[in-house]
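Student: What follows is coords-v7.cif; its format and atoms are mmCIF, C-alpha atoms.
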data_upload
loop_
_atom_site.label_atom_id
_atom_site.label_comp_id
_atom_site.auth_asym_id
_atom_site.auth_seq_id
_atom_site.Cartn_x
_atom_site.Cartn_y
_atom_site.Cartn_z
CA MET A 50 107.45 -130.77 53.49
CA CYS A 51 103.96 -129.80 52.54
CA LEU A 52 105.34 -127.15 50.22
CA ALA A 53 104.46 -127.67 46.60
CA VAL A 54 106.48 -126.03 43.84
CA PRO A 55 105.25 -124.89 40.44
CA GLY A 56 106.38 -126.70 37.33
CA ARG A 57 105.38 -127.03 33.70
CA ILE A 58 104.55 -130.38 32.14
CA VAL A 59 106.94 -131.03 29.23
CA GLU A 60 106.32 -134.73 28.58
CA MET A 61 103.42 -136.97 29.39
CA GLU A 62 102.48 -140.63 29.21
CA ALA A 63 99.97 -142.76 31.13
CA GLY A 64 99.76 -141.24 34.62
CA ALA A 65 103.31 -139.92 34.63
CA GLY A 66 105.55 -137.45 32.87
CA VAL A 67 108.36 -134.94 33.08
CA VAL A 68 107.85 -131.57 34.74
CA ASP A 69 110.18 -128.60 34.35
CA VAL A 70 110.70 -127.04 37.78
CA ARG A 71 112.77 -123.86 37.54
CA GLY A 72 114.90 -125.38 34.81
CA ASN A 73 115.22 -128.87 36.31
CA ARG A 74 113.45 -131.70 34.52
CA ILE A 75 111.81 -133.92 37.11
CA ARG A 76 109.98 -137.20 36.59
CA ALA A 77 106.58 -136.81 38.23
CA GLY A 78 103.33 -138.63 38.83
CA LEU A 79 100.43 -136.96 37.01
CA ALA A 80 97.61 -139.32 38.04
CA LEU A 81 96.12 -136.76 40.45
CA VAL A 82 95.63 -134.12 37.73
CA PRO A 83 93.68 -136.06 35.07
CA ASP A 84 92.74 -132.87 33.19
CA ALA A 85 96.35 -131.64 32.80
CA GLY A 86 98.32 -131.82 29.56
CA VAL A 87 101.72 -130.89 28.11
CA GLY A 88 102.35 -127.17 28.56
CA ASP A 89 100.14 -126.86 31.66
CA TRP A 90 101.46 -125.50 34.94
CA VAL A 91 101.00 -127.68 38.02
CA LEU A 92 101.94 -127.63 41.70
CA LEU A 93 104.37 -130.46 42.38
CA HIS A 94 104.64 -132.04 45.82
CA ALA A 95 106.81 -135.05 46.79
CA GLY A 96 106.91 -136.33 43.23
CA PHE A 97 103.26 -135.78 42.32
CA ALA A 98 101.38 -132.93 40.68
CA ILE A 99 98.49 -132.09 43.03
CA THR A 100 96.66 -129.40 41.05
CA LYS A 101 96.76 -127.31 37.90
CA ILE A 102 97.56 -123.62 38.35
CA THR A 103 97.63 -120.62 36.03
CA PRO A 104 100.94 -119.23 34.68
CA ASP A 105 100.38 -116.12 36.84
CA ASP A 106 100.11 -118.20 40.02
CA ALA A 107 103.21 -120.11 39.01
CA ALA A 108 105.14 -116.87 38.53
CA GLU A 109 103.99 -115.55 41.92
CA THR A 110 104.98 -118.74 43.74
CA ASN A 111 108.31 -118.89 41.93
CA ALA A 112 109.02 -115.33 43.01
CA LEU A 113 108.33 -116.38 46.59
CA LEU A 114 110.68 -119.36 46.29
CA ASP A 115 113.40 -117.13 44.82
CA GLU A 116 112.95 -114.75 47.71
CA MET A 117 113.12 -117.60 50.23
CA ASP A 118 116.32 -118.88 48.60
CA ARG A 119 117.80 -115.42 48.70
CA LEU A 120 116.92 -115.02 52.37
CA ALA A 121 118.22 -118.48 53.17
CA GLY A 122 121.49 -117.53 51.48
CA VAL A 123 121.75 -114.35 53.52
CA GLY A 124 120.59 -116.18 56.63
CA GLY A 125 118.43 -113.39 57.95
CA PRO A 126 115.05 -111.74 57.52
CA ALA A 127 114.31 -109.25 54.78
CA PRO A 128 115.78 -105.82 55.55
CA SER A 129 112.40 -104.21 54.92
CA ALA A 130 110.70 -106.29 57.58
CA PRO A 131 113.08 -106.91 60.43
CA GLU A 132 112.17 -109.14 63.33
CA SER A 133 114.21 -109.09 66.47
CA ASN A 134 115.50 -112.45 67.57
CA PRO A 135 114.53 -113.25 71.12
CA MET B 234 105.07 -108.45 47.15
CA THR B 235 104.15 -104.86 46.62
CA ALA B 236 104.92 -102.37 49.36
CA GLN B 237 101.57 -100.70 48.78
CA GLY B 238 99.69 -103.99 49.14
CA ILE B 239 101.48 -104.73 52.40
CA GLU B 240 100.75 -101.22 53.74
CA ASN B 241 97.05 -101.56 52.91
CA LEU B 242 96.85 -104.95 54.59
CA LYS B 243 98.67 -103.62 57.66
CA ARG B 244 96.10 -100.85 57.92
CA ASP B 245 93.20 -103.32 57.50
CA ILE B 246 94.69 -105.55 60.19
CA THR B 247 95.21 -102.68 62.64
CA GLU B 248 91.66 -101.46 62.13
CA ALA B 249 90.11 -104.91 62.43
CA ALA B 250 92.16 -105.75 65.54
CA ALA B 251 91.05 -102.51 67.19
CA ALA B 252 87.42 -103.35 66.42
CA ILE B 253 87.53 -106.74 68.18
CA PRO B 254 85.75 -106.46 71.54
CA GLY B 255 87.89 -106.54 74.68
CA GLU B 256 91.53 -105.71 75.12
CA GLY B 257 93.04 -109.16 75.58
CA PRO B 258 95.36 -110.95 73.23
CA ILE B 259 94.10 -112.47 69.98
CA ALA B 260 95.83 -115.75 69.17
CA LEU B 261 95.84 -117.05 65.61
CA MET B 262 97.30 -120.47 64.89
CA GLU B 263 98.78 -121.72 61.65
CA VAL B 264 99.09 -125.47 61.16
CA CYS B 265 101.41 -125.62 58.17
CA GLY B 266 105.17 -125.89 58.24
CA THR B 267 105.46 -123.72 55.16
CA HIS B 268 103.44 -120.97 56.84
CA THR B 269 105.74 -121.28 59.88
CA VAL B 270 108.79 -120.72 57.71
CA ALA B 271 107.19 -117.99 55.58
CA ILE B 272 106.07 -116.04 58.66
CA ARG B 273 109.52 -116.24 60.25
CA ARG B 274 111.42 -115.51 57.07
CA THR B 275 109.43 -112.45 56.17
CA GLY B 276 109.33 -111.09 59.73
CA LEU B 277 105.55 -110.84 59.48
CA ARG B 278 104.97 -110.90 63.21
CA SER B 279 106.57 -107.48 63.53
CA LEU B 280 103.92 -106.07 61.18
CA LEU B 281 101.02 -107.11 63.43
CA PRO B 282 99.43 -105.07 66.22
CA GLU B 283 100.63 -105.98 69.69
CA ARG B 284 97.47 -107.82 70.71
CA VAL B 285 97.62 -110.18 67.72
CA ARG B 286 99.78 -113.27 68.29
CA LEU B 287 100.64 -115.78 65.56
CA ILE B 288 101.37 -119.21 66.94
CA SER B 289 102.52 -122.37 65.20
CA GLY B 290 100.60 -125.60 65.70
CA PRO B 291 101.10 -129.22 64.62
CA GLY B 292 101.80 -128.45 60.95
CA CYS B 293 105.15 -130.13 60.42
CA PRO B 294 104.76 -133.83 59.56
CA VAL B 295 108.24 -134.78 60.73
CA CYS B 296 107.65 -132.97 64.03
CA VAL B 297 104.36 -134.68 64.85
CA THR B 298 105.82 -138.13 64.20
CA PRO B 299 106.31 -139.66 67.63
CA ARG B 300 109.61 -141.00 68.86
CA GLY B 301 108.37 -144.59 68.86
CA VAL B 302 107.99 -144.46 65.07
CA ILE B 303 111.65 -143.47 64.74
CA ASP B 304 112.62 -146.34 67.05
CA THR B 305 110.54 -148.74 64.95
CA LEU B 306 112.24 -147.57 61.75
CA ILE B 307 115.68 -147.90 63.36
CA ALA B 308 114.87 -151.47 64.39
CA LEU B 309 113.67 -152.23 60.85
CA ALA B 310 116.80 -150.78 59.25
CA GLY B 311 118.87 -153.14 61.39
CA ARG B 312 117.14 -156.24 60.01
CA ASP B 313 118.86 -158.34 57.37
CA GLY B 314 117.32 -157.85 53.94
CA VAL B 315 115.36 -154.71 54.84
CA THR B 316 116.08 -151.17 53.63
CA VAL B 317 114.22 -148.23 55.15
CA ALA B 318 113.53 -145.49 52.61
CA THR B 319 112.42 -142.09 53.86
CA PHE B 320 112.72 -138.32 53.49
CA GLY B 321 115.88 -136.42 54.41
CA ASP B 322 114.48 -134.67 57.47
CA MET B 323 113.27 -137.93 58.97
CA VAL B 324 116.70 -139.55 59.13
CA ARG B 325 118.03 -136.84 61.44
CA VAL B 326 115.28 -137.04 64.06
CA PRO B 327 116.64 -138.61 67.24
CA GLY B 328 114.87 -141.72 68.49
CA SER B 329 115.32 -143.04 72.01
CA ARG B 330 118.97 -143.87 71.49
CA SER B 331 120.05 -142.74 68.03
CA SER B 332 118.79 -141.50 64.67
CA LEU B 333 118.43 -143.28 61.33
CA GLU B 334 121.37 -141.20 60.11
CA GLU B 335 123.60 -142.44 62.93
CA GLU B 336 122.45 -146.01 62.34
CA LYS B 337 123.21 -145.66 58.63
CA ALA B 338 126.73 -144.55 59.49
CA CYS B 339 127.03 -147.79 61.48
CA GLY B 340 125.91 -149.90 58.54
CA ALA B 341 122.12 -149.97 58.78
CA ASN B 342 120.23 -149.93 55.47
CA VAL B 343 118.72 -146.47 55.18
CA ALA B 344 118.00 -144.73 51.88
CA VAL B 345 117.06 -141.07 51.63
CA VAL B 346 114.46 -140.47 48.91
CA TYR B 347 112.64 -137.40 47.60
CA SER B 348 109.43 -139.26 46.84
CA VAL B 349 107.68 -142.57 47.12
CA LEU B 350 108.46 -143.04 43.40
CA GLU B 351 112.18 -143.23 44.21
CA ALA B 352 111.49 -145.77 46.93
CA MET B 353 109.64 -147.91 44.37
CA ASP B 354 112.52 -147.58 41.91
CA LEU B 355 114.85 -148.79 44.64
CA ALA B 356 112.59 -151.79 45.22
CA ARG B 357 112.63 -152.59 41.49
CA ARG B 358 116.43 -152.37 41.36
CA THR B 359 116.94 -154.54 44.46
CA PRO B 360 114.47 -157.42 44.13
CA ASP B 361 116.14 -159.45 46.89
CA GLU B 362 115.82 -156.63 49.41
CA THR B 363 112.59 -155.54 51.11
CA VAL B 364 112.25 -151.78 50.74
CA CYS B 365 110.09 -150.24 53.45
CA PHE B 366 108.96 -146.69 52.68
CA ALA B 367 108.22 -144.62 55.80
CA ALA B 368 105.21 -142.71 54.51
CA ILE B 369 104.86 -139.54 56.53
CA GLY B 370 102.92 -136.41 55.68
CA PHE B 371 99.48 -134.90 55.66
CA GLU B 372 96.82 -134.93 52.96
CA THR B 373 99.20 -133.28 50.49
CA THR B 374 101.51 -136.31 50.50
CA ALA B 375 99.09 -139.20 51.05
CA PRO B 376 97.53 -139.22 47.53
CA GLY B 377 100.97 -139.84 46.00
CA THR B 378 101.53 -142.79 48.33
CA ALA B 379 98.09 -144.08 47.33
CA VAL B 380 98.92 -143.87 43.62
CA ALA B 381 102.24 -145.61 44.28
CA LEU B 382 100.50 -148.45 46.11
CA GLU B 383 98.03 -148.88 43.25
CA THR B 384 100.99 -149.10 40.88
CA ALA B 385 102.84 -151.55 43.13
CA ARG B 386 99.78 -153.80 43.25
CA ASN B 387 99.35 -153.69 39.48
CA GLU B 388 103.04 -154.49 39.00
CA GLY B 389 103.16 -157.14 41.70
CA LEU B 390 106.11 -155.32 43.32
CA LYS B 391 106.15 -157.62 46.30
CA ASN B 392 109.38 -156.39 47.93
CA PHE B 393 107.92 -152.91 48.38
CA GLN B 394 106.36 -152.17 51.79
CA VAL B 395 104.79 -149.06 53.26
CA LEU B 396 104.69 -147.99 56.90
CA SER B 397 101.93 -145.40 56.79
CA THR B 398 101.90 -142.61 59.35
CA HIS B 399 99.93 -140.33 57.02
CA LYS B 400 97.63 -138.00 58.92
CA TRP B 401 94.53 -135.85 58.57
CA ILE B 402 95.15 -132.35 59.95
CA ILE B 403 91.61 -131.33 60.93
CA PRO B 404 91.23 -133.89 63.78
CA ALA B 405 94.39 -132.40 65.34
CA MET B 406 92.94 -128.88 65.09
CA ASP B 407 89.77 -130.25 66.67
CA ALA B 408 91.75 -131.89 69.48
CA LEU B 409 93.54 -128.61 70.26
CA LEU B 410 90.27 -126.70 70.52
CA ALA B 411 88.59 -129.49 72.51
CA GLY B 412 91.58 -129.63 74.89
CA GLY B 413 91.37 -125.91 75.57
CA GLU B 414 94.97 -125.69 76.82
CA VAL B 415 96.03 -123.10 74.28
CA ARG B 416 94.03 -120.03 73.35
CA ILE B 417 93.15 -120.13 69.65
CA ASP B 418 90.83 -117.44 68.29
CA GLY B 419 91.13 -118.45 64.66
CA PHE B 420 92.99 -120.75 62.30
CA LEU B 421 95.14 -119.83 59.34
CA CYS B 422 94.48 -123.01 57.37
CA PRO B 423 97.23 -124.69 55.35
CA GLY B 424 97.47 -123.83 51.66
CA HIS B 425 98.64 -127.03 50.04
CA VAL B 426 96.81 -129.44 52.35
CA SER B 427 93.70 -127.52 51.36
CA VAL B 428 94.48 -128.01 47.67
CA VAL B 429 93.64 -131.65 48.38
CA ILE B 430 90.90 -131.51 51.05
CA GLY B 431 89.25 -128.27 49.88
CA SER B 432 88.21 -125.23 51.91
CA ARG B 433 84.80 -126.73 52.68
CA ALA B 434 86.47 -129.37 54.85
CA TYR B 435 86.91 -126.83 57.66
CA GLU B 436 83.22 -125.94 57.90
CA PRO B 437 82.30 -128.40 60.71
CA LEU B 438 85.27 -127.11 62.76
CA ALA B 439 84.34 -123.44 62.22
CA ARG B 440 80.72 -124.12 63.15
CA ARG B 441 81.32 -126.39 66.10
CA TYR B 442 83.86 -124.22 67.89
CA ARG B 443 82.83 -120.88 66.41
CA ARG B 444 86.31 -120.09 65.13
CA PRO B 445 87.13 -118.40 61.81
CA CYS B 446 89.08 -120.73 59.51
CA VAL B 447 90.85 -118.96 56.64
CA VAL B 448 92.82 -120.77 53.95
CA ALA B 449 95.86 -118.72 52.94
CA GLY B 450 98.78 -118.95 50.53
CA PHE B 451 102.43 -118.40 51.31
CA THR B 452 103.59 -114.98 50.12
CA ALA B 453 103.76 -112.24 52.77
CA GLU B 454 100.75 -110.63 51.16
CA GLN B 455 98.74 -113.85 51.14
CA VAL B 456 99.51 -114.59 54.80
CA LEU B 457 98.62 -111.01 55.79
CA ALA B 458 95.40 -111.27 53.74
CA GLY B 459 94.56 -114.42 55.73
CA VAL B 460 95.26 -112.71 59.05
CA ALA B 461 93.16 -109.70 57.98
CA ALA B 462 90.26 -111.97 57.03
CA ILE B 463 90.31 -113.75 60.41
CA LEU B 464 90.45 -110.45 62.31
CA ARG B 465 87.60 -108.95 60.28
CA GLN B 466 85.47 -111.99 61.12
CA LEU B 467 86.34 -111.73 64.81
CA ALA B 468 85.48 -108.02 64.78
CA ALA B 469 82.12 -108.83 63.20
CA GLY B 470 81.44 -111.73 65.57
CA GLU B 471 81.56 -114.24 62.71
CA ALA B 472 83.11 -117.71 62.43
CA ARG B 473 83.19 -118.82 58.82
CA VAL B 474 85.44 -120.61 56.41
CA GLU B 475 87.07 -118.20 54.01
CA ASN B 476 89.48 -118.94 51.20
CA VAL B 477 91.99 -116.25 50.28
CA TYR B 478 94.10 -118.71 48.25
CA LYS B 479 91.60 -119.23 45.45
CA GLN B 480 94.42 -119.54 42.88
CA ALA B 481 95.11 -123.09 44.06
CA VAL B 482 92.36 -124.10 46.50
CA ARG B 483 88.80 -124.98 45.48
CA PRO B 484 85.92 -125.56 47.89
CA GLU B 485 85.81 -129.26 47.00
CA GLY B 486 89.59 -129.73 46.90
CA ASN B 487 91.07 -132.24 44.47
CA PRO B 488 88.39 -134.97 44.11
CA GLU B 489 90.77 -137.28 42.24
CA ALA B 490 93.32 -137.10 45.07
CA LEU B 491 90.63 -137.71 47.70
CA ARG B 492 89.32 -140.67 45.70
CA ARG B 493 92.82 -142.21 45.59
CA ILE B 494 93.26 -141.75 49.35
CA ALA B 495 89.87 -143.34 50.04
CA GLY B 496 90.65 -146.29 47.78
CA VAL B 497 93.90 -147.22 49.49
CA PHE B 498 93.66 -145.94 53.07
CA GLU B 499 91.13 -146.19 55.82
CA THR B 500 90.85 -143.66 58.60
CA ALA B 501 92.06 -144.78 62.02
CA GLU B 502 93.36 -143.42 65.29
CA ALA B 503 96.91 -142.11 65.12
CA VAL B 504 99.44 -141.04 67.73
CA TRP B 505 100.86 -137.50 67.43
CA ARG B 506 103.92 -136.21 69.21
CA GLY B 507 102.74 -133.72 71.81
CA LEU B 508 99.08 -134.58 71.33
CA GLY B 509 98.95 -138.31 71.92
CA PRO B 510 96.35 -140.54 70.26
CA ILE B 511 93.72 -138.68 68.21
CA PRO B 512 90.70 -140.58 66.88
CA ALA B 513 90.21 -140.65 63.09
CA SER B 514 93.42 -138.69 62.44
CA GLY B 515 95.50 -141.37 60.73
CA MET B 516 95.53 -143.32 57.47
CA THR B 517 96.23 -147.04 57.52
CA LEU B 518 96.31 -149.38 54.53
CA ARG B 519 93.07 -151.06 53.54
CA ARG B 520 92.97 -154.84 53.66
CA ALA B 521 93.11 -154.95 49.84
CA TYR B 522 96.64 -153.53 50.15
CA GLY B 523 97.62 -155.79 53.05
CA GLU B 524 100.48 -157.36 51.11
CA PHE B 525 102.21 -153.95 51.16
CA ASP B 526 101.45 -153.12 54.78
CA ALA B 527 104.71 -153.13 56.73
CA VAL B 528 102.86 -153.40 60.04
CA SER B 529 101.56 -156.90 59.30
CA ARG B 530 104.07 -158.11 56.71
CA LEU B 531 107.13 -157.12 58.72
CA ASP B 532 105.43 -158.04 61.98
CA LEU B 533 105.85 -154.67 63.70
CA ASP B 534 104.84 -153.91 67.25
CA TRP B 535 102.29 -151.25 66.31
CA PRO B 536 101.45 -148.63 67.38
CA PRO B 537 104.82 -148.27 69.06
CA ASP B 538 105.18 -147.76 72.76
CA GLU B 539 105.30 -144.04 73.56
CA THR B 540 105.48 -144.30 77.33
CA GLY B 541 108.36 -142.75 79.20
CA ALA B 542 109.37 -139.11 79.37
CA ASP B 543 111.20 -137.52 76.49
CA GLU B 544 114.84 -137.79 77.27
CA HIS B 545 117.18 -134.84 77.46
CA GLY B 546 114.32 -132.50 78.46
CA CYS B 547 113.07 -132.05 74.87
CA ARG B 548 109.90 -129.89 74.85
CA CYS B 549 108.93 -130.41 71.20
CA GLY B 550 105.55 -131.78 72.28
CA ASP B 551 104.71 -128.48 73.98
CA VAL B 552 105.97 -126.50 70.97
CA ILE B 553 103.78 -128.58 68.63
CA ARG B 554 100.66 -127.77 70.69
CA GLY B 555 101.51 -124.07 70.60
CA ALA B 556 101.85 -124.15 74.40
CA LEU B 557 105.51 -123.14 74.31
CA GLU B 558 107.40 -120.77 72.02
CA PRO B 559 110.63 -122.36 70.76
CA HIS B 560 112.84 -119.84 72.62
CA GLU B 561 111.07 -120.72 75.87
CA CYS B 562 112.50 -124.25 75.72
CA PRO B 563 115.58 -124.44 78.01
CA LEU B 564 117.47 -126.38 75.31
CA PHE B 565 116.75 -123.89 72.49
CA GLY B 566 119.94 -122.58 70.90
CA LYS B 567 122.06 -124.19 73.63
CA ALA B 568 121.92 -127.99 73.77
CA CYS B 569 119.62 -128.02 70.74
CA THR B 570 120.65 -126.38 67.44
CA PRO B 571 120.10 -127.29 63.78
CA ALA B 572 123.61 -128.82 63.71
CA HIS B 573 122.91 -130.89 66.84
CA PRO B 574 119.13 -131.16 67.14
CA VAL B 575 117.60 -132.81 70.21
CA GLY B 576 114.03 -132.83 68.90
CA PRO B 577 112.27 -132.90 65.53
CA CYS B 578 111.17 -129.23 65.63
CA MET B 579 114.86 -128.30 65.36
CA VAL B 580 115.61 -131.00 62.76
CA SER B 581 112.98 -130.18 60.21
CA ARG B 582 113.30 -127.27 57.84
CA GLU B 583 109.62 -126.70 58.60
CA GLY B 584 109.94 -127.09 62.35
CA SER B 585 109.06 -124.12 64.54
CA CYS B 586 112.36 -124.31 66.40
CA GLN B 587 114.56 -124.36 63.30
CA ALA B 588 112.50 -121.55 61.74
CA GLU B 589 112.89 -119.40 64.86
CA TYR B 590 116.59 -120.25 65.21
CA LYS B 591 117.42 -119.37 61.63
CA TYR B 592 115.32 -116.27 61.21
#
What does this structure look like when you write it as structure tokens?
Tutor:
Amino acid sequence: MCLAVPGRIVEMEAGAGVVDVRGNRIRAGLALVPDAGVGDWVLLHAGFAITKITPDDAAETNALLDEMDRLAGVGGPAPSAPESNP
Amino acid sequence: MTAQGIENLKRDITEAAAAIPGEGPIALMEVCGTHTVAIRRTGLRSLLPERVRLISGPGCPVCVTPRGVIDTLIALAGRDGVTVATFGDMVRVPGSRSSLEEEKACGANVAVVYSVLEAMDLARRTPDETVCFAAIGFETTAPGTAVALETARNEGLKNFQVLSTHKWIIPAMDALLAGGEVRIDGFLCPGHVSVVIGSRAYEPLARRYRRPCVVAGFTAEQVLAGVAAILRQLAAGEARVENVYKQAVRPEGNPEALRRIAGVFETAEAVWRGLGPIPASGMTLRRAYGEFDAVSRLDLDWPPDETGADEHGCRCGDVIRGALEPHECPLFGKACTPAHPVGPCMVSREGSCQAEYKY
């Protein structure tokens, strides 16, 4: 629940806007990132952007989320790093 | 993640662990549900030397919410003219007799929302209904609730109410160290909570208890870098705050978010599942926001009664303190599974029990 996901601000008005999160356009609160503008990458958590991040950080976190989705789909740990289930 | 990066970190970790005096176990605790899941999913534990143990602490907001809060929400959802709005994981947590999900199936007014903004929209659309948002979460989530309450006050959205069980994580870490029940040699500090509170916030804890506190991100490499940093400090006899998630976390955190929290909430004692009441660990609404405070406006018996043993032998409280591994609970994988959870640690996607069960 404390996970924040990267997104890019595509529209902005007073304190709110639309953030593109992996292709989904999500209405979001932007009041906590007063220095952010359209085109900036932010971390989005429970409907609010909590910080600006660089495009590189966004790409890294998105890669992690993709990997988590993939693992969740498979339902097991990564083959390269097995962990025995007790 | 790069294989080379992982190999280098593994080597660093092995060397640092070998350089720590003594031969006993080294226990590192993370207090972030996303770390719990990332560690399980990536099988990171298998990469660590035998003497290094990674344990999960009270990092899942749904899990640390005590049963009495669920019972209170269930009672609220049964009232005429009241809708309880909350996150998806919360509705599946069993209370004393049922869950919000079961009550909803029987006609109670329960709405699952992804954010406080959706709960406010619901209040706007249903002016004759009181919408009570169950605000759970740590410092990552609380600033959004604060902004929402400012907006509600400006709009005069009088049918919107908030039951705040927002919490500060550091007092819980403090309580674990002060209690001394569980061995904790260092903390892997939460990434996104720290975006808000800043890495400096852990300095009193590191100093007072002489424990390394290292803020880490969520990729396998970032978690391993955090573990390596803690072990290097232990080997050198140090206990400092270190930030290996500088991409997102600044020493001072997000001052705007902290300002919003301070404007709307005041710090108060809060009750945690497994830990009981912890001073200065909760956020309650300031008097200026009293008209939105569900506790007074909806006349709730608060804090709820938590006496009485957990029914069905649920050991989530012990799991939350790091005193019990999920698989050590007699119910784990038998009476308690993600499809039929007995306790919140199996309900939540970030709960230790669900993470261990799935991965």
Student: Taking (84.7, -120.7, 59.9) in the file's own coordinates, collect the residues within 6 Å, counting only C-alpha atoms, and hand them back as a short mmCIF file (atom, residue, chain, number, x, y, z; two decimals) with C-alpha atoms, in the coordinates of the input.
Tutor:
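Produced file part_30.cif, reproduced below:
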data_model
loop_
_atom_site.label_atom_id
_atom_site.label_comp_id
_atom_site.auth_asym_id
_atom_site.auth_seq_id
_atom_site.Cartn_x
_atom_site.Cartn_y
_atom_site.Cartn_z
CA GLU B 436 83.22 -125.94 57.90
CA ALA B 439 84.34 -123.44 62.22
CA ARG B 444 86.31 -120.09 65.13
CA PRO B 445 87.13 -118.40 61.81
CA CYS B 446 89.08 -120.73 59.51
CA ALA B 472 83.11 -117.71 62.43
CA ARG B 473 83.19 -118.82 58.82
CA VAL B 474 85.44 -120.61 56.41
#
Student: Run the PyMOL selection byres ((chain B) within 9 of (chain A)) against the file shown and list the residues it catches, as an mmCIF file with C-alpha atoms, keeping the file's coordinate frame.
Tutor:
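The resulting file, part_27.cif, is shown below:
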data_model
loop_
_atom_site.group_PDB
_atom_site.id
_atom_site.type_symbol
_atom_site.label_atom_id
_atom_site.label_comp_id
_atom_site.auth_asym_id
_atom_site.auth_seq_id
_atom_site.Cartn_x
_atom_site.Cartn_y
_atom_site.Cartn_z
ATOM 1 C CA MET B 234 105.070 -108.450 47.150
ATOM 2 C CA CYS B 265 101.410 -125.620 58.170
ATOM 3 C CA GLY B 266 105.170 -125.890 58.240
ATOM 4 C CA THR B 267 105.460 -123.720 55.160
ATOM 5 C CA ALA B 271 107.190 -117.990 55.580
ATOM 6 C CA ARG B 273 109.520 -116.240 60.250
ATOM 7 C CA ARG B 274 111.420 -115.510 57.070
ATOM 8 C CA THR B 275 109.430 -112.450 56.170
ATOM 9 C CA GLY B 276 109.330 -111.090 59.730
ATOM 10 C CA LEU B 277 105.550 -110.840 59.480
ATOM 11 C CA ARG B 278 104.970 -110.900 63.210
ATOM 12 C CA SER B 279 106.570 -107.480 63.530
ATOM 13 C CA LEU B 280 103.920 -106.070 61.180
ATOM 14 C CA GLY B 292 101.800 -128.450 60.950
ATOM 15 C CA CYS B 293 105.150 -130.130 60.420
ATOM 16 C CA PRO B 294 104.760 -133.830 59.560
ATOM 17 C CA VAL B 295 108.240 -134.780 60.730
ATOM 18 C CA ASP B 322 114.480 -134.670 57.470
ATOM 19 C CA TYR B 347 112.640 -137.400 47.600
ATOM 20 C CA SER B 348 109.430 -139.260 46.840
ATOM 21 C CA VAL B 349 107.680 -142.570 47.120
ATOM 22 C CA LEU B 350 108.460 -143.040 43.400
ATOM 23 C CA GLU B 351 112.180 -143.230 44.210
ATOM 24 C CA GLY B 370 102.920 -136.410 55.680
ATOM 25 C CA PHE B 371 99.480 -134.900 55.660
ATOM 26 C CA GLU B 372 96.820 -134.930 52.960
ATOM 27 C CA THR B 373 99.200 -133.280 50.490
ATOM 28 C CA THR B 374 101.510 -136.310 50.500
ATOM 29 C CA PRO B 376 97.530 -139.220 47.530
ATOM 30 C CA GLY B 377 100.970 -139.840 46.000
ATOM 31 C CA VAL B 380 98.920 -143.870 43.620
ATOM 32 C CA ALA B 381 102.240 -145.610 44.280
ATOM 33 C CA PRO B 423 97.230 -124.690 55.350
ATOM 34 C CA GLY B 424 97.470 -123.830 51.660
ATOM 35 C CA HIS B 425 98.640 -127.030 50.040
ATOM 36 C CA VAL B 426 96.810 -129.440 52.350
ATOM 37 C CA VAL B 428 94.480 -128.010 47.670
ATOM 38 C CA VAL B 429 93.640 -131.650 48.380
ATOM 39 C CA PHE B 451 102.430 -118.400 51.310
ATOM 40 C CA THR B 452 103.590 -114.980 50.120
ATOM 41 C CA ALA B 453 103.760 -112.240 52.770
ATOM 42 C CA GLN B 480 94.420 -119.540 42.880
ATOM 43 C CA ALA B 481 95.110 -123.090 44.060
ATOM 44 C CA VAL B 482 92.360 -124.100 46.500
ATOM 45 C CA ASN B 487 91.070 -132.240 44.470
ATOM 46 C CA PRO B 488 88.390 -134.970 44.110
ATOM 47 C CA GLU B 489 90.770 -137.280 42.240
ATOM 48 C CA ALA B 490 93.320 -137.100 45.070
ATOM 49 C CA ARG B 493 92.820 -142.210 45.590
ATOM 50 C CA HIS B 560 112.840 -119.840 72.620
ATOM 51 C CA SER B 581 112.980 -130.180 60.210
ATOM 52 C CA ARG B 582 113.300 -127.270 57.840
ATOM 53 C CA GLU B 583 109.620 -126.700 58.600
ATOM 54 C CA GLU B 589 112.890 -119.400 64.860
ATOM 55 C CA TYR B 590 116.590 -120.250 65.210
ATOM 56 C CA LYS B 591 117.420 -119.370 61.630
ATOM 57 C CA TYR B 592 115.320 -116.270 61.210
#
Student: List, as JSON, numbers by chain, every residue that the PyMOL selection byres ((chain B and resi 449) around 6) selects in the file provided.
Tutor: {"B": [424, 448, 450, 455, 456, 459, 477, 478]}
Student: Which polymer residues have any atom within 8 Å of an atom of Leu390 of chain B, counting all atoms listed in the file, with same-chain residues fewer than 5 positions away left out, as a list in words?
Tutor: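 Once the adjacent positions are removed, what remains is Ala356, Arg357 and Ala385 of chain B.
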Student: Give me, please, the distance in Å between atom CA of Ser289 of chain B and atom CA of Arg548 of chain B, quoted to one decimal.
Tutor: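 Interatomic distance, atom CA of Ser289 of chain B to atom CA of Arg548 of chain B: 14.3 Å.
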Student: Give me, as a list in words, all polymer residues having an atom no more than 8 Å from segment 324-341 of chain B, counting all atoms listed in the file and skipping those fewer than 5 positions away in the same chain.
Tutor: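 With the cut-off at 8 Å, the set is Arg300, Gly301, Ile303, Asp304, Leu306, Ile307, Ala310, Gly311, Thr319, Glu544, Pro574, Val575, Gly576, Pro577 and Val580 of chain B.
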Student: Go ahead and compute the interatomic distance for atom CA of Arg416 of chain B and atom CA of Ile259 of chain B, in Å to one decimal.
Tutor: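 Those two atoms sit 8.3 Å apart.
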Student: For the PyMOL selection byres ((chain A and resi 89) around 10), applied here, can you spell out every residue it catches as a PyMOL selection string?
Tutor: chain A and resi 56-59+68+84-88+90-91+101-104
